[in-house]
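Raw input.cif, mmCIF, C-alpha atoms:
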data_data
loop_
_atom_site.label_atom_id
_atom_site.label_comp_id
_atom_site.auth_asym_id
_atom_site.auth_seq_id
_atom_site.Cartn_x
_atom_site.Cartn_y
_atom_site.Cartn_z
CA MET A 1 16.08 -75.33 -12.78
CA ASP A 2 16.33 -71.89 -14.34
CA ALA A 3 19.69 -71.19 -12.77
CA GLN A 4 21.28 -74.12 -14.54
CA LEU A 5 20.14 -73.29 -18.05
CA SER A 6 23.10 -72.19 -20.10
CA SER A 7 21.38 -71.50 -23.39
CA GLY A 8 18.08 -69.81 -24.13
CA ALA A 9 17.92 -68.20 -20.71
CA GLY A 10 21.06 -66.17 -21.35
CA ALA A 11 24.25 -65.23 -19.59
CA SER A 12 25.48 -66.11 -16.12
CA LEU A 13 25.14 -63.63 -13.27
CA GLY A 14 28.87 -62.91 -13.39
CA GLY A 15 28.55 -62.32 -17.13
CA LEU A 16 25.89 -59.62 -16.65
CA LEU A 17 27.58 -58.01 -13.64
CA PRO A 18 31.04 -56.61 -14.42
CA GLU A 19 32.98 -54.63 -11.80
CA SER A 20 31.91 -51.39 -13.46
CA ALA A 21 28.29 -52.26 -12.61
CA ILE A 22 28.97 -52.55 -8.87
CA THR A 23 28.91 -49.49 -6.62
CA ILE A 24 29.80 -49.72 -2.95
CA GLY A 25 28.54 -47.22 -0.37
CA ALA A 26 26.64 -44.90 -2.71
CA ARG A 27 25.22 -41.80 -1.05
CA ALA A 28 21.53 -41.31 -1.69
CA ALA A 29 19.19 -38.96 0.14
CA ASP A 30 16.03 -40.63 -1.15
CA TRP A 31 14.77 -43.47 -3.36
CA ARG A 32 15.15 -41.45 -6.56
CA GLU A 33 18.84 -40.87 -5.86
CA ALA A 34 19.24 -44.55 -4.99
CA ILE A 35 17.78 -45.52 -8.38
CA ARG A 36 19.95 -42.88 -10.06
CA ALA A 37 23.02 -44.57 -8.55
CA ALA A 38 21.83 -47.87 -10.05
CA GLY A 39 21.22 -46.11 -13.38
CA ARG A 40 24.78 -44.73 -13.39
CA ALA A 41 26.18 -48.21 -12.74
CA LEU A 42 24.18 -49.65 -15.65
CA VAL A 43 25.37 -46.82 -17.91
CA ALA A 44 28.98 -47.27 -16.76
CA SER A 45 28.85 -50.95 -17.67
CA GLY A 46 27.50 -50.14 -21.13
CA ALA A 47 24.14 -51.86 -20.63
CA THR A 48 21.98 -48.74 -20.90
CA SER A 49 21.94 -45.04 -21.69
CA ASP A 50 20.80 -42.33 -19.26
CA ALA A 51 17.19 -42.40 -20.43
CA TYR A 52 16.76 -45.85 -18.87
CA THR A 53 17.48 -44.35 -15.43
CA ASP A 54 14.46 -42.08 -15.83
CA GLU A 55 12.42 -45.05 -17.01
CA MET A 56 13.30 -46.97 -13.82
CA ILE A 57 12.22 -44.00 -11.71
CA ALA A 58 8.99 -43.72 -13.71
CA THR A 59 8.25 -47.38 -12.92
CA VAL A 60 8.10 -46.59 -9.21
CA GLU A 61 6.18 -43.36 -9.78
CA THR A 62 3.57 -45.26 -11.77
CA LEU A 63 3.35 -48.60 -9.98
CA GLY A 64 4.61 -47.86 -6.48
CA ALA A 65 7.23 -49.34 -4.22
CA TYR A 66 6.48 -52.96 -5.17
CA ILE A 67 10.07 -53.14 -6.48
CA VAL A 68 11.21 -53.49 -2.86
CA ILE A 69 10.98 -57.27 -3.17
CA ALA A 70 12.48 -58.24 0.18
CA PRO A 71 13.53 -56.48 3.40
CA GLY A 72 16.24 -54.00 2.41
CA ILE A 73 16.37 -54.98 -1.27
CA ALA A 74 14.96 -53.04 -4.24
CA LEU A 75 14.89 -54.44 -7.78
CA ALA A 76 15.02 -51.33 -9.94
CA HIS A 77 14.06 -51.92 -13.55
CA SER A 78 11.80 -50.92 -16.39
CA ARG A 79 10.74 -52.62 -19.59
CA PRO A 80 12.77 -53.21 -22.77
CA SER A 81 13.35 -49.87 -24.54
CA PRO A 82 15.73 -48.17 -26.98
CA ALA A 83 17.73 -47.07 -23.92
CA VAL A 84 18.66 -50.70 -23.20
CA HIS A 85 21.68 -51.76 -25.27
CA ARG A 86 22.09 -55.24 -23.86
CA ALA A 87 21.05 -57.35 -20.88
CA GLY A 88 22.79 -56.13 -17.75
CA MET A 89 22.52 -55.98 -14.01
CA CYS A 90 24.05 -53.77 -11.36
CA LEU A 91 24.44 -53.85 -7.59
CA VAL A 92 24.54 -50.71 -5.48
CA THR A 93 25.03 -50.78 -1.72
CA LEU A 94 23.90 -47.59 0.00
CA ALA A 95 25.97 -45.75 2.59
CA ARG A 96 22.70 -45.03 4.43
CA PRO A 97 19.50 -47.01 3.87
CA VAL A 98 16.64 -45.05 2.27
CA GLU A 99 12.86 -45.33 2.41
CA PHE A 100 11.04 -46.32 -0.78
CA GLY A 101 7.58 -46.18 0.79
CA HIS A 102 7.10 -49.94 1.10
CA ARG A 103 4.89 -51.12 3.94
CA THR A 104 7.06 -53.98 5.19
CA ASN A 105 10.43 -54.02 3.39
CA ASP A 106 11.84 -50.52 4.00
CA PRO A 107 14.47 -49.20 4.41
CA VAL A 108 16.51 -50.27 1.40
CA SER A 109 20.25 -50.82 1.65
CA LEU A 110 20.82 -52.77 -1.58
CA VAL A 111 19.59 -51.71 -5.00
CA VAL A 112 19.71 -54.31 -7.75
CA GLY A 113 19.36 -52.76 -11.20
CA LEU A 114 18.10 -54.78 -14.12
CA ALA A 115 18.12 -53.90 -17.82
CA ALA A 116 16.62 -56.35 -20.27
CA PRO A 117 16.28 -55.97 -24.05
CA ASP A 118 13.86 -58.94 -24.08
CA ASP A 119 12.19 -61.22 -21.56
CA GLU A 120 14.70 -64.09 -21.85
CA GLY A 121 18.36 -63.06 -21.71
CA HIS A 122 18.45 -62.19 -18.01
CA VAL A 123 16.34 -65.01 -16.58
CA SER A 124 19.20 -67.25 -15.51
CA ALA A 125 21.25 -64.42 -13.98
CA LEU A 126 18.26 -63.04 -12.07
CA ALA A 127 17.41 -66.49 -10.73
CA THR A 128 20.99 -66.97 -9.57
CA LEU A 129 21.02 -63.57 -7.85
CA ALA A 130 17.72 -64.29 -6.09
CA ASP A 131 19.13 -67.60 -4.87
CA PHE A 132 22.33 -65.89 -3.76
CA LEU A 133 20.38 -63.30 -1.75
CA THR A 134 18.16 -65.91 -0.10
CA ASP A 135 20.90 -66.73 2.37
CA GLU A 136 21.38 -64.23 5.19
CA GLY A 137 25.09 -64.96 5.49
CA ARG A 138 25.72 -64.31 1.79
CA ARG A 139 23.57 -61.17 1.92
CA ALA A 140 25.52 -59.84 4.89
CA ALA A 141 28.85 -60.61 3.20
CA LEU A 142 27.73 -58.71 0.11
CA LEU A 143 26.67 -55.68 2.18
CA ARG A 144 29.99 -55.77 4.04
CA ALA A 145 32.09 -55.93 0.86
CA GLY A 146 34.51 -53.02 0.67
CA ASP A 147 34.93 -52.96 -3.10
CA PRO A 148 33.41 -54.26 -6.34
CA ARG A 149 36.09 -56.91 -6.74
CA THR A 150 35.06 -58.53 -3.45
CA VAL A 151 31.42 -58.61 -4.60
CA ARG A 152 32.50 -60.22 -7.87
CA SER A 153 34.44 -62.92 -6.02
CA LEU A 154 31.52 -63.66 -3.68
CA ILE A 155 29.29 -64.16 -6.71
CA ALA A 156 31.89 -66.12 -8.66
CA ALA A 157 32.42 -68.44 -5.68
CA TYR A 158 28.66 -68.95 -5.37
CA GLU A 159 28.08 -69.49 -9.08
CA GLY A 160 31.02 -71.86 -9.32
CA GLY A 161 29.96 -73.79 -6.24
CA ALA A 162 26.25 -73.83 -7.04
CA ALA A 163 26.66 -75.16 -10.58
CA GLY A 164 25.27 -78.65 -10.87
CA GLN A 165 24.08 -78.78 -7.27
CA PRO A 166 20.44 -79.24 -6.32
CA ASP A 167 18.41 -76.13 -5.49
CA HIS A 168 18.33 -76.93 -1.81
CA ALA A 169 22.03 -77.44 -1.15
CA PRO A 170 22.56 -77.05 2.60
CA ASP A 171 23.57 -73.54 3.52
CA ALA A 172 25.95 -74.98 6.11
CA ALA A 173 28.30 -75.60 3.17
CA HIS A 174 28.85 -71.84 3.00
CA ALA A 175 29.47 -71.34 6.71
CA MET B 1 -4.24 -75.56 -11.61
CA LYS B 2 -2.81 -72.48 -13.24
CA ILE B 3 -0.93 -69.83 -11.27
CA LEU B 4 -0.27 -66.36 -12.61
CA ALA B 5 2.76 -64.53 -11.16
CA VAL B 6 2.06 -60.83 -11.61
CA CYS B 7 4.58 -58.00 -11.45
CA GLY B 8 4.87 -54.52 -12.88
CA MET B 9 6.78 -55.26 -16.06
CA GLY B 10 6.57 -59.03 -16.38
CA LEU B 11 10.31 -59.56 -16.37
CA GLY B 12 11.73 -58.74 -12.95
CA SER B 13 10.02 -59.59 -9.71
CA GLY B 14 7.46 -61.78 -11.48
CA LEU B 15 10.26 -64.07 -12.63
CA ILE B 16 11.49 -64.34 -9.07
CA LEU B 17 7.95 -65.16 -7.91
CA ARG B 18 7.69 -67.88 -10.56
CA MET B 19 11.04 -69.34 -9.57
CA GLN B 20 10.15 -69.38 -5.87
CA ALA B 21 6.71 -70.80 -6.58
CA GLU B 22 8.29 -73.64 -8.57
CA LYS B 23 10.45 -74.52 -5.59
CA ALA B 24 7.52 -74.21 -3.18
CA LEU B 25 5.28 -76.46 -5.29
CA LYS B 26 8.03 -79.07 -5.43
CA GLU B 27 8.36 -78.92 -1.66
CA LEU B 28 4.59 -79.19 -1.22
CA GLY B 29 4.42 -82.08 -3.69
CA LEU B 30 1.98 -80.14 -5.87
CA GLN B 31 1.87 -79.43 -9.57
CA ALA B 32 0.67 -76.33 -11.37
CA ASP B 33 1.27 -74.35 -14.53
CA LEU B 34 3.10 -71.13 -13.78
CA GLU B 35 2.92 -68.09 -15.98
CA VAL B 36 4.33 -64.57 -15.57
CA ALA B 37 2.27 -61.52 -16.51
CA ASP B 38 2.74 -57.78 -16.19
CA ILE B 39 0.11 -55.76 -14.38
CA GLY B 40 -1.22 -54.42 -17.70
CA THR B 41 -2.18 -57.82 -19.07
CA ALA B 42 -2.85 -59.56 -15.75
CA ARG B 43 -6.47 -58.43 -15.58
CA ALA B 44 -7.21 -59.90 -19.00
CA LEU B 45 -5.36 -63.13 -18.22
CA ALA B 46 -6.86 -63.47 -14.75
CA SER B 47 -9.93 -65.37 -15.94
CA THR B 48 -7.67 -68.16 -17.22
CA ALA B 49 -5.92 -68.62 -13.86
CA ASP B 50 -6.89 -70.32 -10.61
CA LEU B 51 -4.56 -68.33 -8.43
CA ILE B 52 -2.64 -65.06 -8.66
CA LEU B 53 0.68 -64.45 -6.91
CA THR B 54 1.78 -60.84 -6.52
CA SER B 55 2.89 -58.11 -4.13
CA GLU B 56 0.50 -56.27 -1.81
CA GLU B 57 0.93 -53.03 -3.79
CA LEU B 58 0.00 -54.61 -7.12
CA ALA B 59 -2.79 -56.70 -5.59
CA GLN B 60 -4.66 -53.45 -4.91
CA GLN B 61 -4.79 -52.89 -8.68
CA LEU B 62 -6.31 -56.33 -9.23
CA VAL B 63 -9.30 -55.93 -6.95
CA GLY B 64 -12.33 -57.72 -8.36
CA VAL B 65 -10.59 -60.37 -10.46
CA LYS B 66 -11.96 -63.89 -10.22
CA PRO B 67 -9.01 -65.94 -8.95
CA ARG B 68 -7.88 -65.83 -5.35
CA ILE B 69 -4.93 -63.49 -4.87
CA VAL B 70 -2.01 -64.52 -2.69
CA THR B 71 0.28 -61.63 -1.75
CA ILE B 72 3.95 -62.15 -1.02
CA SER B 73 5.89 -59.54 0.95
CA ASN B 74 9.36 -61.12 0.88
CA PHE B 75 9.94 -62.53 -2.60
CA ILE B 76 13.10 -64.39 -1.67
CA ASP B 77 11.73 -66.05 1.47
CA LEU B 78 10.86 -69.58 0.41
CA ARG B 79 9.14 -70.27 3.76
CA GLU B 80 6.61 -67.49 3.18
CA MET B 81 5.92 -68.82 -0.32
CA VAL B 82 5.51 -72.41 0.88
CA GLU B 83 3.19 -71.40 3.73
CA LYS B 84 0.97 -69.08 1.72
CA LEU B 85 0.82 -71.26 -1.38
CA GLY B 86 0.16 -74.35 0.72
CA ALA B 87 -2.63 -72.61 2.62
CA ALA B 88 -4.24 -71.24 -0.55
CA ILE B 89 -4.16 -74.46 -2.53
CA GLY B 90 -4.99 -76.65 0.44
CA THR B 91 -8.13 -74.65 1.31
CA PRO B 92 -10.08 -73.91 -1.87
#

Would it be possible to restate this file's structure as C-alpha cells?
Amino acid sequence: MDAQLSSGAGASLGGLLPESAITIGARAADWREAIRAAGRALVASGATSDAYTDEMIATVETLGAYIVIAPGIALAHSRPSPAVHRAGMCLVTLARPVEFGHRTNDPVSLVVGLAAPDDEGHVSALATLADFLTDEGRRAALLRAGDPRTVRSLIAAYEGGAAGQPDHAPDAAHA
Amino acid sequence: MKILAVCGMGLGSGLILRMQAEKALKELGLQADLEVADIGTARALASTADLILTSEELAQQLVGVKPRIVTISNFIDLREMVEKLGAAIGTP
C-alpha cells in the first residue's frame, strides 16, 4: 500500500536517488569507510552536508550493527538534523564486502544511505526499495551493475512496472 | 492486537518492519494495529502493545518489557516475517 501513495508519503524512489547518489565498487576497509562512502554520495546529491555522515556513523557506534537489515545489506541513516537538507537516498556497492559486526547478516556488500528531514517524505521510496531488494534476481542485477546509470534504469523499470500492480506480483514476470 | 515495530531512529528499518508486517498479516488473514517507535520511546510505549517486532540487537535493550518480543534477522524476507508473526500470534 505504501509504495503506491503518491502524496503525503513523498517522492518516488527514482526521485530520491539521482545518479550522483549512486556509487559503484567503492573501496572500504571497514564499516566506517563504507558508511563514509554512503555519506559522500548523499552529500554529492545535495541531500546532506558532511556532518550527517558522522551522525550515521554515530548511530552504529551507539546502537550497534542492527542497521544490517538483511544478508549483505546495511541501511545507514540517522535522525532528522540540520545536516539534512532534503529527503534523499543513496546506493553504494562495495568492491569488497566488509564486516559490520552483525551476527547473521555480515558481510555487507550494499550500503543504502537514507537522509530524512521528517518521518514522512521518504516512506514511499524506502518501501519501494525494500520491495525491489526482496527479489534475489533484482538484487543480483543491482550488485552486478557497472555504472550508476544502469542502477537507475533497473529501478526505473521496476518502479514503472510495479506501479498499480498488487504487492505480490509474480517474480517470474521479471525473469 | 497492537504491534510495535521498533528500530533505532523510528524512520528507517522500523518502517520496513511495519511494511513487511502488513503484508504478513494480510497473508495470515490477521488484523492488527501497527505502529513504529524508536528505541528511545519503545520502552515507554511497550505497555500499550501486545507484541514487539525488532532486530536481535535492539531486543537486548528491551529486556523486561511486558509484550512478547519477536526478533527478525532478515527484514526483507517475507517468509521469516510470516512464520515468526504467525507463530507468535497463533500461540499466545

Residues matched by the PyMOL selection byres ((chain B) within 6 of (chain A)), written as an MDAnalysis selection string: chainID B and resid 9 11 57 74:76

Selection file, C-alpha atoms, as an mmCIF file, in the coordinates of the input:
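out.cif, freshly written:
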data_model
loop_
_atom_site.group_PDB
_atom_site.id
_atom_site.type_symbol
_atom_site.label_atom_id
_atom_site.label_comp_id
_atom_site.auth_asym_id
_atom_site.auth_seq_id
_atom_site.Cartn_x
_atom_site.Cartn_y
_atom_site.Cartn_z
ATOM 1 C CA MET B 9 6.780 -55.260 -16.060
ATOM 2 C CA LEU B 11 10.310 -59.560 -16.370
ATOM 3 C CA GLU B 57 0.930 -53.030 -3.790
ATOM 4 C CA ASN B 74 9.360 -61.120 0.880
ATOM 5 C CA PHE B 75 9.940 -62.530 -2.600
ATOM 6 C CA ILE B 76 13.100 -64.390 -1.670
#

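Going from CA of Asp54 (chain A) over to CA of Gln20 (chain B), you cover 29.4 Å.
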
With only C-alpha atoms counted, which protein, DNA or RNA residues have an atom no more than 12 Å from (3.7, -70.0, -9.3) in the file frame? Please answer as a PyMOL selection string. chain B and resi 1-6+14-26+30-37+49-54+69-72+75+81-82+84-86+88-89

Let me know the residues the PyMOL selection byres ((chain A and resi 142) around 9) catches in the file above, as JSON, numbers by chain. {"A": [93, 133, 137, 138, 139, 140, 141, 143, 144, 145, 146, 150, 151, 154, 155]}

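Rounded to one decimal, CA of Glu33 (chain A) and CA of Gly12 (chain B) lie 20.5 Å from each other.
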
I want to know what sits within 9 Å of region 62-65 of chain B, based on all atoms listed in the file, with residues of the same chain fewer than 3 positions away left out; could you give that as a ChimeraX atom specification? /B:39,42-43,46-47,58-59,68-69

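Residues lying within 9 Å of Ser20 (chain A), counting all atoms listed in the file and ignoring same-chain neighbours fewer than 6 positions away, are A:Ala41, A:Leu42, A:Ala44, A:Ser45, A:Gly46, A:Cys90, A:Pro148.
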
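For the set A:Tyr158, A:Val43, A:Ser153, A:Arg36, the residue with the smallest atom-to-atom gap to Val111 (chain A) is A:Arg36, counting all atoms listed in the file.
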
Quick one: pull the distance between CA of Thr48 (chain A) and CA of Arg152 (chain A), Å, one decimal. 20.3 Å

Residues at most 10 Å from Trp31 (chain A), counting all atoms listed in the file, excluding those fewer than 3 positions away in the same chain, as a ChimeraX atom specification? /A:28,34-37,57,60,65,74,97-101,107-108,111

May I have the residues within 9 Å of Arg96 (chain A) as a list in words, using all atoms listed in the file and disregarding those fewer than 4 positions away in the same chain? Gly25, Ala26, Arg27, Ala28, Ala29, Val108 and Ser109 of chain A

Can you rebuild region 51-83 of chain A with N, CA and C atoms and give it as a CSV table (one decimal), in the frame of the given file?
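Now in rebuild.csv:
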chain,number,residue,atom,x,y,z
A,51,ALA,N,18.7,-42.4,-20.4
A,51,ALA,CA,17.2,-42.4,-20.4
A,51,ALA,C,16.6,-43.6,-19.6
A,52,TYR,N,17.3,-44.7,-19.6
A,52,TYR,CA,16.8,-45.8,-18.9
A,52,TYR,C,16.6,-45.6,-17.4
A,53,THR,N,17.5,-44.7,-16.9
A,53,THR,CA,17.5,-44.4,-15.4
A,53,THR,C,16.1,-43.7,-15.1
A,54,ASP,N,15.8,-42.7,-16.0
A,54,ASP,CA,14.5,-42.1,-15.8
A,54,ASP,C,13.3,-43.1,-16.0
A,55,GLU,N,13.5,-44.0,-16.8
A,55,GLU,CA,12.4,-45.0,-17.0
A,55,GLU,C,12.3,-45.9,-15.7
A,56,MET,N,13.4,-46.2,-15.1
A,56,MET,CA,13.3,-47.0,-13.8
A,56,MET,C,12.6,-46.2,-12.7
A,57,ILE,N,12.9,-44.9,-12.7
A,57,ILE,CA,12.2,-44.0,-11.7
A,57,ILE,C,10.7,-43.9,-12.0
A,58,ALA,N,10.4,-43.8,-13.3
A,58,ALA,CA,9.0,-43.7,-13.7
A,58,ALA,C,8.2,-45.0,-13.3
A,59,THR,N,8.9,-46.1,-13.3
A,59,THR,CA,8.2,-47.4,-12.9
A,59,THR,C,7.7,-47.3,-11.5
A,60,VAL,N,8.5,-46.7,-10.6
A,60,VAL,CA,8.1,-46.6,-9.2
A,60,VAL,C,7.0,-45.5,-9.1
A,61,GLU,N,7.2,-44.4,-9.8
A,61,GLU,CA,6.2,-43.4,-9.8
A,61,GLU,C,4.8,-43.9,-10.2
A,62,THR,N,4.8,-44.8,-11.2
A,62,THR,CA,3.6,-45.3,-11.8
A,62,THR,C,3.0,-46.4,-10.9
A,63,LEU,N,3.8,-47.4,-10.6
A,63,LEU,CA,3.4,-48.6,-10.0
A,63,LEU,C,3.6,-48.7,-8.5
A,64,GLY,N,4.4,-47.8,-7.9
A,64,GLY,CA,4.6,-47.9,-6.5
A,64,GLY,C,5.9,-48.6,-6.1
A,65,ALA,N,6.0,-48.8,-4.8
A,65,ALA,CA,7.2,-49.3,-4.2
A,65,ALA,C,7.3,-50.9,-4.3
A,66,TYR,N,6.5,-51.5,-5.1
A,66,TYR,CA,6.5,-53.0,-5.2
A,66,TYR,C,7.8,-53.5,-5.5
A,67,ILE,N,8.7,-52.7,-6.1
A,67,ILE,CA,10.1,-53.1,-6.5
A,67,ILE,C,10.9,-53.5,-5.3
A,68,VAL,N,10.5,-53.1,-4.1
A,68,VAL,CA,11.2,-53.5,-2.9
A,68,VAL,C,10.8,-54.9,-2.5
A,69,ILE,N,11.5,-55.9,-3.1
A,69,ILE,CA,11.0,-57.3,-3.2
A,69,ILE,C,11.3,-58.1,-1.9
A,70,ALA,N,12.1,-57.5,-1.1
A,70,ALA,CA,12.5,-58.2,0.2
A,70,ALA,C,13.0,-57.2,1.1
A,71,PRO,N,13.0,-57.5,2.4
A,71,PRO,CA,13.5,-56.5,3.4
A,71,PRO,C,14.9,-55.9,3.0
A,72,GLY,N,15.0,-54.6,2.7
A,72,GLY,CA,16.2,-54.0,2.4
A,72,GLY,C,16.7,-54.1,1.0
A,73,ILE,N,15.9,-54.8,0.1
A,73,ILE,CA,16.4,-55.0,-1.3
A,73,ILE,C,15.4,-54.4,-2.3
A,74,ALA,N,15.8,-53.5,-3.2
A,74,ALA,CA,15.0,-53.0,-4.2
A,74,ALA,C,15.5,-53.6,-5.6
A,75,LEU,N,14.5,-54.0,-6.4
A,75,LEU,CA,14.9,-54.4,-7.8
A,75,LEU,C,14.4,-53.4,-8.8
A,76,ALA,N,15.4,-52.4,-9.1
A,76,ALA,CA,15.0,-51.3,-9.9
A,76,ALA,C,15.1,-51.8,-11.4
A,77,HIS,N,14.0,-51.5,-12.1
A,77,HIS,CA,14.1,-51.9,-13.6
A,77,HIS,C,12.9,-51.3,-14.3
A,78,SER,N,12.9,-51.3,-15.6
A,78,SER,CA,11.8,-50.9,-16.4
A,78,SER,C,11.6,-52.0,-17.5
A,79,ARG,N,10.9,-51.6,-18.5
A,79,ARG,CA,10.7,-52.6,-19.6
A,79,ARG,C,11.8,-52.4,-20.7
A,80,PRO,N,11.9,-53.4,-21.6
A,80,PRO,CA,12.8,-53.2,-22.8
A,80,PRO,C,12.5,-51.9,-23.5
A,81,SER,N,13.5,-51.2,-23.9
A,81,SER,CA,13.4,-49.9,-24.5
A,81,SER,C,14.6,-49.6,-25.4
A,82,PRO,N,14.5,-48.5,-26.2
A,82,PRO,CA,15.7,-48.2,-27.0
A,82,PRO,C,16.9,-47.8,-26.1
A,83,ALA,N,16.6,-47.5,-24.8
A,83,ALA,CA,17.7,-47.1,-23.9
A,83,ALA,C,18.5,-48.3,-23.3
